[in-house]
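Student: Once you've had a glance at the structure underneath, I'll fire off some questions.
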Amino acid sequence: KAGVTQTPRYLIKTRGQQVTLSCSPISGHRSVSWYQQTPGQGLQFLFEYFSETQRNKGNFPGRFSGRQFSNSRSEMNVSTLELGDSALYLCASSPGLAGITDTQYFGPGTRLTVL
Amino acid sequence: KQEVTQIPAALSVPEGENLVLNCSFTDSAIYNLQWFRQDPGKGLTSLLLIQSSQREQTSGRLNASLDKSSGRSTLYIAASQPGDSATYLCAVRMNTGFQKLVFGTGTRLLVSP
């Protein structure tokens, strides 16, 4: 089975721009979660999508948004970029069925640099 | 609010040593706990997952234990190798948080030949 893929792997943007990151989960997985990793804050949960619905959200401003398509692929968007948005953005895939124990599988991440 | 802490923050050992990484969490209402490995600039690789009802899990040279009542987990690595050098992260999934993981601060491990 192919693993979790994220595109692009690297991005450089300037302040004020917006960016869209993409995540393709493992085939058959319906849950996609997004995390931000920075040296200062570590790994922080952004949001989770399951069957095209956002089912959980972390404590991030509204500039961070996401969506999930019918094939379970997910995108996250950051508008009006700030320097502090520079980070490694990771997505995680799992079957996501309630009550089912499941391991989360992470993609390689997208490294976003905001200048 | 769940807080997850890992001690030590960094660890340097010679090859062949057995070592223990610690993870503590403040809220015992967890669904499971997962240990991950992260190589520099890379994503996370899942190592072990322990259900809240379990006490330990083993995979090869790795053994993870869980004491939910005291809010602790340990990752034991036997006969360490230079290839084990990485950052190790523990993460807890809460009973009410669906797939949300709360991550620890990480332990950076360096195993010297």
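Residues in the structure tokens are numbered from 1 in each chain, the chains being A, B, ... in the order shown, and ligands are numbered from 1 in the order shown.
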Within 9 Å of chain A, which residues belong to chain B? Use only C-alpha atoms and report them as a PyMOL selection string.
Tutor: chain B and resi 31-32+34+41-46+48-49+51+97-106
Student: Region 79-87 of chain A: which residues within 6 Å, counting only C-alpha atoms, same-chain residues fewer than 2 positions away excluded, as a VMD selection string?
Tutor: chain A and resid 15 to 18 37 to 38 63 112 to 114
Student: To one decimal place in Å, what is the distance between CA of Gln2 (chain B) and CA of Leu66 (chain B)?
Tutor: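 Between these atoms lies a distance of 16.3 Å.
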Student: Cys23 (chain A): which residues within 6 Å, counting only C-alpha atoms, same-chain residues fewer than 2 positions away excluded, as a ChimeraX atom specification?
Tutor: /A:5-6,73-74
Student: Write down as number ranges by chain the residues belonging to chain A that are assigned strand (DSSP E or B) by DSSP computed on the backbone.
Tutor: A: 5-7, 10-13, 19-24, 31-38, 42-50, 53-57, 64-68, 74-78, 87-94, 105-106, 110-114
Student: Using only C-alpha atoms, which residues sit within 7 Å of Val13 (chain B) once same-chain residues fewer than 3 positions away are excluded, as a list of chain:residue names?
Tutor: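 Here the answer would be B:Glu17, B:Leu110, B:Val111, B:Ser112.
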